Amino acid sequence: MRTRRVFLNRLDPQEHDPDDAVVVIDVLRSFSTAAYALAAGASAIYPVETIAGAFHLQRTLKNALTTGAVGGGDPIPGFDFGNSPSALQGADLAGRPLIQTTAAGVRGLARFRSCRALFAGSLVLGRATAQALLALRPAEVCFVITGEWVDRDGDEDIACADYMEALLHGEDPDPEPYAARVRNSDFGRRFQADCNANLPASDLRLCAQVDRFDFALRAAHCDGQLRLQRAQASVERALSGRG
Ligand SMILES: O=C(O)[C@H](CS(=O)(=O)O)OP(=O)(O)O
């Protein structure tokens, strides 16, 4: 299995788009938020690229709630929740679909939506995502780093890619150094400062909990709409006929 990495904010138009397995990584915070929301009972996550598109979908999906942020992390006016795992962790989401709009993570998913297997990755899902990937036996896994910007190193996502790659190669790495990289990344330090109510330190703590959940987040197409659902390695293996 080959692995490679691309950076969402510096895609090379000359380079072939990955078309096998793709993991779009957003540790701070989209796909940590999505994981905590599913754990809190949300029935599925619907990533939608635009705010207008999110409101449109909310009108057609029964009982749907909205979550997301604009670039920088401020919540979107009119949405039910910000892009905040600590807000969603305690919310009553039982059986309700959640529509998610964010400036990096969701944009990355939309960009690579046509590949064979698309996952939303974060450190809380690290080992489960690696296991789901291994069950699919792809020829190539491409990690998409979404958190690198001109003023941010994106190391929270690179650390997550490093962790999953080590697992894919059969290693059993100590998770703590990867969690420390999330905390000490450029964006992580903004949460550590805890002086912006929209970037709370509690979110950073939740996002840096390596392997907190035993499921991966796999994207599927449903009526022309992307949908993230729990995926487990055993199910992936059965679906691909390898028992
Ligand atoms: O809300 C967040 O934590 C970030 C803000 S930004 O777009 O990276 O500036 O959004 P996300 O799409 O989860 O990275």
# chains A, B, ... in the order shown; residues from 1 in each chain; ligands from 1
>>> select_by_dssp(residues="stretch 36-214 of chain A", states="strand (DSSP E or B)", output="compact mmCIF listing (two decimals) with all heavy atoms, in the first residue's frame")
# COMPACT_ATOMS: atom_id res chain seq x y z
N ILE A 45 -23.94 12.74 9.68
CA ILE A 45 -23.45 14.09 9.46
C ILE A 45 -23.53 14.38 7.96
O ILE A 45 -23.05 13.57 7.15
CB ILE A 45 -21.96 14.24 9.89
CG1 ILE A 45 -21.71 13.64 11.29
CG2 ILE A 45 -21.50 15.69 9.77
CD1 ILE A 45 -22.20 14.45 12.44
N TYR A 46 -24.08 15.50 7.60
CA TYR A 46 -24.16 15.90 6.20
C TYR A 46 -23.22 17.09 5.98
O TYR A 46 -23.55 18.21 6.37
CB TYR A 46 -25.59 16.30 5.83
CG TYR A 46 -26.55 15.13 5.79
CD1 TYR A 46 -27.14 14.66 6.95
CD2 TYR A 46 -26.83 14.47 4.60
CE1 TYR A 46 -28.00 13.57 6.93
CE2 TYR A 46 -27.69 13.38 4.56
CZ TYR A 46 -28.27 12.95 5.73
OH TYR A 46 -29.12 11.85 5.70
N PRO A 47 -22.05 16.86 5.38
CA PRO A 47 -21.15 17.98 5.11
C PRO A 47 -21.65 18.76 3.90
O PRO A 47 -21.90 18.19 2.83
CB PRO A 47 -19.81 17.30 4.77
CG PRO A 47 -20.02 15.83 4.98
CD PRO A 47 -21.47 15.58 4.94
N LEU A 65 -30.23 19.51 12.48
CA LEU A 65 -29.57 20.63 13.17
C LEU A 65 -28.34 21.02 12.35
O LEU A 65 -27.86 20.23 11.52
CB LEU A 65 -29.15 20.18 14.57
CG LEU A 65 -30.29 19.84 15.54
CD1 LEU A 65 -29.77 19.05 16.73
CD2 LEU A 65 -30.99 21.12 16.00
N THR A 66 -27.83 22.21 12.65
CA THR A 66 -26.67 22.69 11.89
C THR A 66 -25.50 22.97 12.83
O THR A 66 -25.68 23.42 13.96
CB THR A 66 -27.01 23.99 11.15
OG1 THR A 66 -27.73 24.86 12.04
CG2 THR A 66 -27.86 23.74 9.92
N THR A 67 -24.28 22.72 12.33
CA THR A 67 -23.07 23.03 13.08
C THR A 67 -22.02 23.54 12.11
O THR A 67 -21.99 23.10 10.95
CB THR A 67 -22.53 21.77 13.81
OG1 THR A 67 -21.29 22.10 14.42
CG2 THR A 67 -22.30 20.62 12.87
N GLY A 68 -21.18 24.45 12.56
CA GLY A 68 -20.11 24.88 11.67
C GLY A 68 -19.46 26.17 12.12
O GLY A 68 -19.78 26.74 13.16
N ALA A 69 -18.51 26.60 11.30
CA ALA A 69 -17.76 27.82 11.60
C ALA A 69 -17.28 28.44 10.31
O ALA A 69 -17.12 27.76 9.29
CB ALA A 69 -16.56 27.49 12.49
N PRO A 75 -18.54 30.95 15.08
CA PRO A 75 -19.74 30.22 14.63
C PRO A 75 -20.47 30.95 13.50
O PRO A 75 -20.27 32.15 13.30
CB PRO A 75 -20.62 30.17 15.88
CG PRO A 75 -19.98 31.00 16.92
CD PRO A 75 -18.64 31.44 16.46
N PHE A 81 -25.21 25.13 16.34
CA PHE A 81 -23.99 24.93 17.11
C PHE A 81 -22.80 25.50 16.34
O PHE A 81 -22.79 25.54 15.11
CB PHE A 81 -23.70 23.44 17.32
CG PHE A 81 -24.76 22.72 18.11
CD1 PHE A 81 -25.75 22.00 17.45
CD2 PHE A 81 -24.77 22.76 19.50
CE1 PHE A 81 -26.73 21.33 18.16
CE2 PHE A 81 -25.75 22.09 20.22
CZ PHE A 81 -26.73 21.39 19.55
N LEU A 98 -27.24 15.92 11.40
CA LEU A 98 -26.51 17.15 11.65
C LEU A 98 -25.85 17.61 10.35
O LEU A 98 -25.13 16.83 9.71
CB LEU A 98 -25.45 16.86 12.71
CG LEU A 98 -24.78 18.02 13.39
CD1 LEU A 98 -25.79 18.86 14.20
CD2 LEU A 98 -23.69 17.51 14.35
N ILE A 99 -26.12 18.83 9.99
CA ILE A 99 -25.54 19.41 8.76
C ILE A 99 -24.31 20.21 9.18
O ILE A 99 -24.39 21.04 10.09
CB ILE A 99 -26.56 20.30 8.05
CG1 ILE A 99 -27.79 19.46 7.66
CG2 ILE A 99 -25.94 20.97 6.83
CD1 ILE A 99 -29.01 20.30 7.33
N GLN A 100 -23.17 19.96 8.52
CA GLN A 100 -21.92 20.59 8.94
C GLN A 100 -21.33 21.43 7.79
O GLN A 100 -21.17 20.95 6.67
CB GLN A 100 -20.90 19.51 9.35
CG GLN A 100 -19.60 20.09 9.89
CD GLN A 100 -18.62 19.02 10.36
OE1 GLN A 100 -18.44 18.02 9.67
NE2 GLN A 100 -17.97 19.25 11.49
N THR A 101 -21.00 22.67 8.11
CA THR A 101 -20.36 23.56 7.13
C THR A 101 -19.13 24.18 7.77
O THR A 101 -19.26 24.86 8.80
CB THR A 101 -21.34 24.69 6.71
OG1 THR A 101 -22.49 24.10 6.12
CG2 THR A 101 -20.68 25.62 5.69
N ALA A 117 -12.92 5.52 -1.92
CA ALA A 117 -13.33 5.46 -0.50
C ALA A 117 -12.85 6.74 0.18
O ALA A 117 -11.66 7.04 0.17
CB ALA A 117 -12.71 4.25 0.18
N LEU A 118 -13.80 7.46 0.75
CA LEU A 118 -13.48 8.77 1.33
C LEU A 118 -13.77 8.75 2.83
O LEU A 118 -14.87 8.38 3.25
CB LEU A 118 -14.34 9.84 0.65
CG LEU A 118 -14.19 11.29 1.10
CD1 LEU A 118 -12.78 11.81 0.82
CD2 LEU A 118 -15.22 12.18 0.37
N PHE A 119 -12.76 9.13 3.62
CA PHE A 119 -12.91 9.16 5.08
C PHE A 119 -12.66 10.57 5.58
O PHE A 119 -11.87 11.33 5.01
CB PHE A 119 -11.89 8.22 5.74
CG PHE A 119 -12.18 6.77 5.51
CD1 PHE A 119 -11.69 6.12 4.37
CD2 PHE A 119 -12.94 6.04 6.41
CE1 PHE A 119 -11.95 4.77 4.15
CE2 PHE A 119 -13.21 4.69 6.19
CZ PHE A 119 -12.72 4.05 5.06
N ALA A 120 -13.32 10.90 6.70
CA ALA A 120 -13.05 12.14 7.42
C ALA A 120 -12.21 11.75 8.63
O ALA A 120 -12.68 10.99 9.49
CB ALA A 120 -14.37 12.79 7.85
N GLY A 121 -10.98 12.26 8.70
CA GLY A 121 -10.05 11.77 9.72
C GLY A 121 -9.76 12.79 10.80
O GLY A 121 -9.72 14.00 10.57
N GLU A 140 -3.57 2.66 -2.76
CA GLU A 140 -2.98 3.92 -2.28
C GLU A 140 -3.92 4.57 -1.27
O GLU A 140 -5.13 4.56 -1.42
CB GLU A 140 -2.77 4.88 -3.45
CG GLU A 140 -2.15 6.19 -2.98
CD GLU A 140 -2.05 7.22 -4.10
OE1 GLU A 140 -3.03 7.98 -4.28
OE2 GLU A 140 -1.01 7.25 -4.77
N VAL A 141 -3.30 5.14 -0.23
CA VAL A 141 -4.05 5.99 0.71
C VAL A 141 -3.46 7.39 0.62
O VAL A 141 -2.25 7.57 0.75
CB VAL A 141 -3.92 5.48 2.16
CG1 VAL A 141 -4.59 6.47 3.12
CG2 VAL A 141 -4.53 4.10 2.31
N CYS A 142 -4.32 8.35 0.35
CA CYS A 142 -3.87 9.74 0.27
C CYS A 142 -4.42 10.50 1.48
O CYS A 142 -5.63 10.52 1.72
CB CYS A 142 -4.34 10.39 -1.03
SG CYS A 142 -3.82 12.10 -1.14
N PHE A 143 -3.53 11.13 2.23
CA PHE A 143 -3.94 11.97 3.36
C PHE A 143 -4.01 13.41 2.88
O PHE A 143 -3.05 13.92 2.30
CB PHE A 143 -2.94 11.86 4.50
CG PHE A 143 -2.85 10.48 5.10
CD1 PHE A 143 -1.73 9.68 4.88
CD2 PHE A 143 -3.89 9.97 5.88
CE1 PHE A 143 -1.65 8.41 5.43
CE2 PHE A 143 -3.82 8.69 6.42
CZ PHE A 143 -2.70 7.91 6.20
N VAL A 144 -5.13 14.05 3.14
CA VAL A 144 -5.30 15.46 2.77
C VAL A 144 -5.19 16.30 4.04
O VAL A 144 -5.98 16.15 4.97
CB VAL A 144 -6.68 15.69 2.10
CG1 VAL A 144 -6.84 17.17 1.74
CG2 VAL A 144 -6.84 14.81 0.87
N ILE A 145 -4.20 17.16 4.07
CA ILE A 145 -3.96 18.03 5.23
C ILE A 145 -4.73 19.33 4.99
O ILE A 145 -4.47 20.04 4.01
CB ILE A 145 -2.44 18.35 5.38
CG1 ILE A 145 -1.62 17.06 5.37
CG2 ILE A 145 -2.19 19.22 6.61
CD1 ILE A 145 -1.90 16.09 6.49
N GLU A 148 -3.23 23.54 7.17
CA GLU A 148 -2.08 24.41 6.89
C GLU A 148 -2.56 25.67 6.15
O GLU A 148 -3.21 25.59 5.12
CB GLU A 148 -1.06 23.66 6.02
CG GLU A 148 0.21 24.46 5.81
CD GLU A 148 0.94 24.07 4.54
OE1 GLU A 148 0.31 24.08 3.44
OE2 GLU A 148 2.13 23.77 4.62
N TRP A 149 -2.25 26.82 6.72
CA TRP A 149 -2.59 28.11 6.12
C TRP A 149 -1.33 28.97 6.17
O TRP A 149 -0.33 28.56 6.78
CB TRP A 149 -3.70 28.81 6.91
CG TRP A 149 -4.99 28.02 7.05
CD1 TRP A 149 -5.23 27.01 7.94
CD2 TRP A 149 -6.20 28.17 6.29
NE1 TRP A 149 -6.52 26.52 7.79
CE2 TRP A 149 -7.14 27.23 6.78
CE3 TRP A 149 -6.59 29.02 5.25
CZ2 TRP A 149 -8.43 27.10 6.27
CZ3 TRP A 149 -7.88 28.89 4.75
CH2 TRP A 149 -8.78 27.95 5.25
N ARG A 152 -0.40 29.22 9.75
CA ARG A 152 -0.57 28.04 10.61
C ARG A 152 0.15 26.85 9.99
O ARG A 152 -0.03 26.59 8.79
CB ARG A 152 -2.04 27.66 10.70
CG ARG A 152 -2.85 28.60 11.53
CD ARG A 152 -4.20 27.95 11.73
NE ARG A 152 -5.24 28.89 11.52
CZ ARG A 152 -6.49 28.56 11.22
NH1 ARG A 152 -6.83 27.30 11.07
NH2 ARG A 152 -7.39 29.48 11.08
N ASP A 153 0.89 26.11 10.83
CA ASP A 153 1.69 25.00 10.30
C ASP A 153 0.87 23.75 9.96
O ASP A 153 1.34 22.88 9.23
CB ASP A 153 2.83 24.64 11.26
CG ASP A 153 2.34 24.30 12.68
OD1 ASP A 153 1.14 24.05 12.86
OD2 ASP A 153 3.20 24.31 13.59
>>> residues_near_ligand(ligand="ligand 1", cutoff="6 Å", atoms="only C-alpha atoms and all ligand atoms", output="mmCIF file with N, CA, C and O atoms, in the first residue's frame")
data_model
loop_
_atom_site.group_PDB
_atom_site.id
_atom_site.type_symbol
_atom_site.label_atom_id
_atom_site.label_comp_id
_atom_site.auth_asym_id
_atom_site.auth_seq_id
_atom_site.Cartn_x
_atom_site.Cartn_y
_atom_site.Cartn_z
ATOM 1 N N ASP A 26 -8.977 16.724 9.486
ATOM 2 C CA ASP A 26 -9.189 18.022 10.145
ATOM 3 C C ASP A 26 -9.365 17.763 11.640
ATOM 4 O O ASP A 26 -10.477 17.500 12.117
ATOM 5 N N LEU A 28 -8.514 19.933 14.142
ATOM 6 C CA LEU A 28 -9.030 21.158 14.787
ATOM 7 C C LEU A 28 -9.869 21.919 13.765
ATOM 8 O O LEU A 28 -9.336 22.711 13.010
ATOM 9 N N ARG A 29 -11.195 21.725 13.733
ATOM 10 C CA ARG A 29 -11.872 20.846 14.621
ATOM 11 C C ARG A 29 -12.906 19.969 13.906
ATOM 12 O O ARG A 29 -13.550 19.137 14.542
ATOM 13 N N SER A 30 -13.121 20.193 12.598
ATOM 14 C CA SER A 30 -14.313 19.614 11.932
ATOM 15 C C SER A 30 -14.590 18.146 12.254
ATOM 16 O O SER A 30 -15.720 17.773 12.602
ATOM 17 N N ALA A 69 -18.510 26.597 11.295
ATOM 18 C CA ALA A 69 -17.765 27.818 11.603
ATOM 19 C C ALA A 69 -17.281 28.440 10.309
ATOM 20 O O ALA A 69 -17.124 27.763 9.291
ATOM 21 N N VAL A 70 -17.057 29.737 10.383
ATOM 22 C CA VAL A 70 -16.381 30.417 9.275
ATOM 23 C C VAL A 70 -14.872 30.303 9.514
ATOM 24 O O VAL A 70 -14.436 29.893 10.597
ATOM 25 N N GLY A 71 -14.069 30.669 8.519
ATOM 26 C CA GLY A 71 -12.619 30.641 8.678
ATOM 27 C C GLY A 71 -12.217 31.391 9.941
ATOM 28 O O GLY A 71 -12.749 32.463 10.224
ATOM 29 N N GLY A 72 -11.313 30.800 10.701
ATOM 30 C CA GLY A 72 -10.902 31.409 11.965
ATOM 31 C C GLY A 72 -11.603 30.782 13.158
ATOM 32 O O GLY A 72 -11.106 30.823 14.272
ATOM 33 N N GLY A 73 -12.788 30.211 12.931
ATOM 34 C CA GLY A 73 -13.436 29.441 13.990
ATOM 35 C C GLY A 73 -14.666 30.063 14.621
ATOM 36 O O GLY A 73 -15.272 29.474 15.512
ATOM 37 N N ASN A 83 -18.555 25.040 15.653
ATOM 38 C CA ASN A 83 -17.761 23.870 15.256
ATOM 39 C C ASN A 83 -17.003 23.388 16.494
ATOM 40 O O ASN A 83 -15.780 23.442 16.542
ATOM 41 N N THR A 102 -17.942 23.906 7.222
ATOM 42 C CA THR A 102 -16.720 24.491 7.774
ATOM 43 C C THR A 102 -15.795 24.895 6.630
ATOM 44 O O THR A 102 -15.916 24.400 5.505
ATOM 45 N N ALA A 103 -14.858 25.778 6.963
ATOM 46 C CA ALA A 103 -14.043 26.389 5.916
ATOM 47 C C ALA A 103 -12.915 25.495 5.409
ATOM 48 O O ALA A 103 -12.409 25.691 4.305
ATOM 49 N N ALA A 104 -12.526 24.508 6.203
ATOM 50 C CA ALA A 104 -11.418 23.656 5.769
ATOM 51 C C ALA A 104 -11.880 22.206 5.589
ATOM 52 O O ALA A 104 -11.845 21.658 4.485
ATOM 53 N N GLY A 105 -12.313 21.581 6.677
ATOM 54 C CA GLY A 105 -12.640 20.157 6.612
ATOM 55 C C GLY A 105 -13.696 19.818 5.575
ATOM 56 O O GLY A 105 -13.495 18.946 4.717
ATOM 57 N N GLY A 147 -5.310 21.766 7.539
ATOM 58 C CA GLY A 147 -5.088 22.814 8.543
ATOM 59 C C GLY A 147 -3.895 23.720 8.291
ATOM 60 O O GLY A 147 -3.585 24.557 9.136
#
>>> closest_residue(among="A:Arg218, A:Arg96, A:Arg113, A:Arg137", to="A:Ala37", atoms="only C-alpha atoms")
A:Arg96
>>> closest_residue(among="A:Ala166, A:Ile76, A:Ala94, A:Leu11", to="A:Gly41", atoms="only C-alpha atoms")
A:Ala94
>>> closest_residue(among="A:Leu133, A:Ala161, A:Val124, A:Ala21", to="A:Thr146", atoms="only C-alpha atoms")
A:Ala161
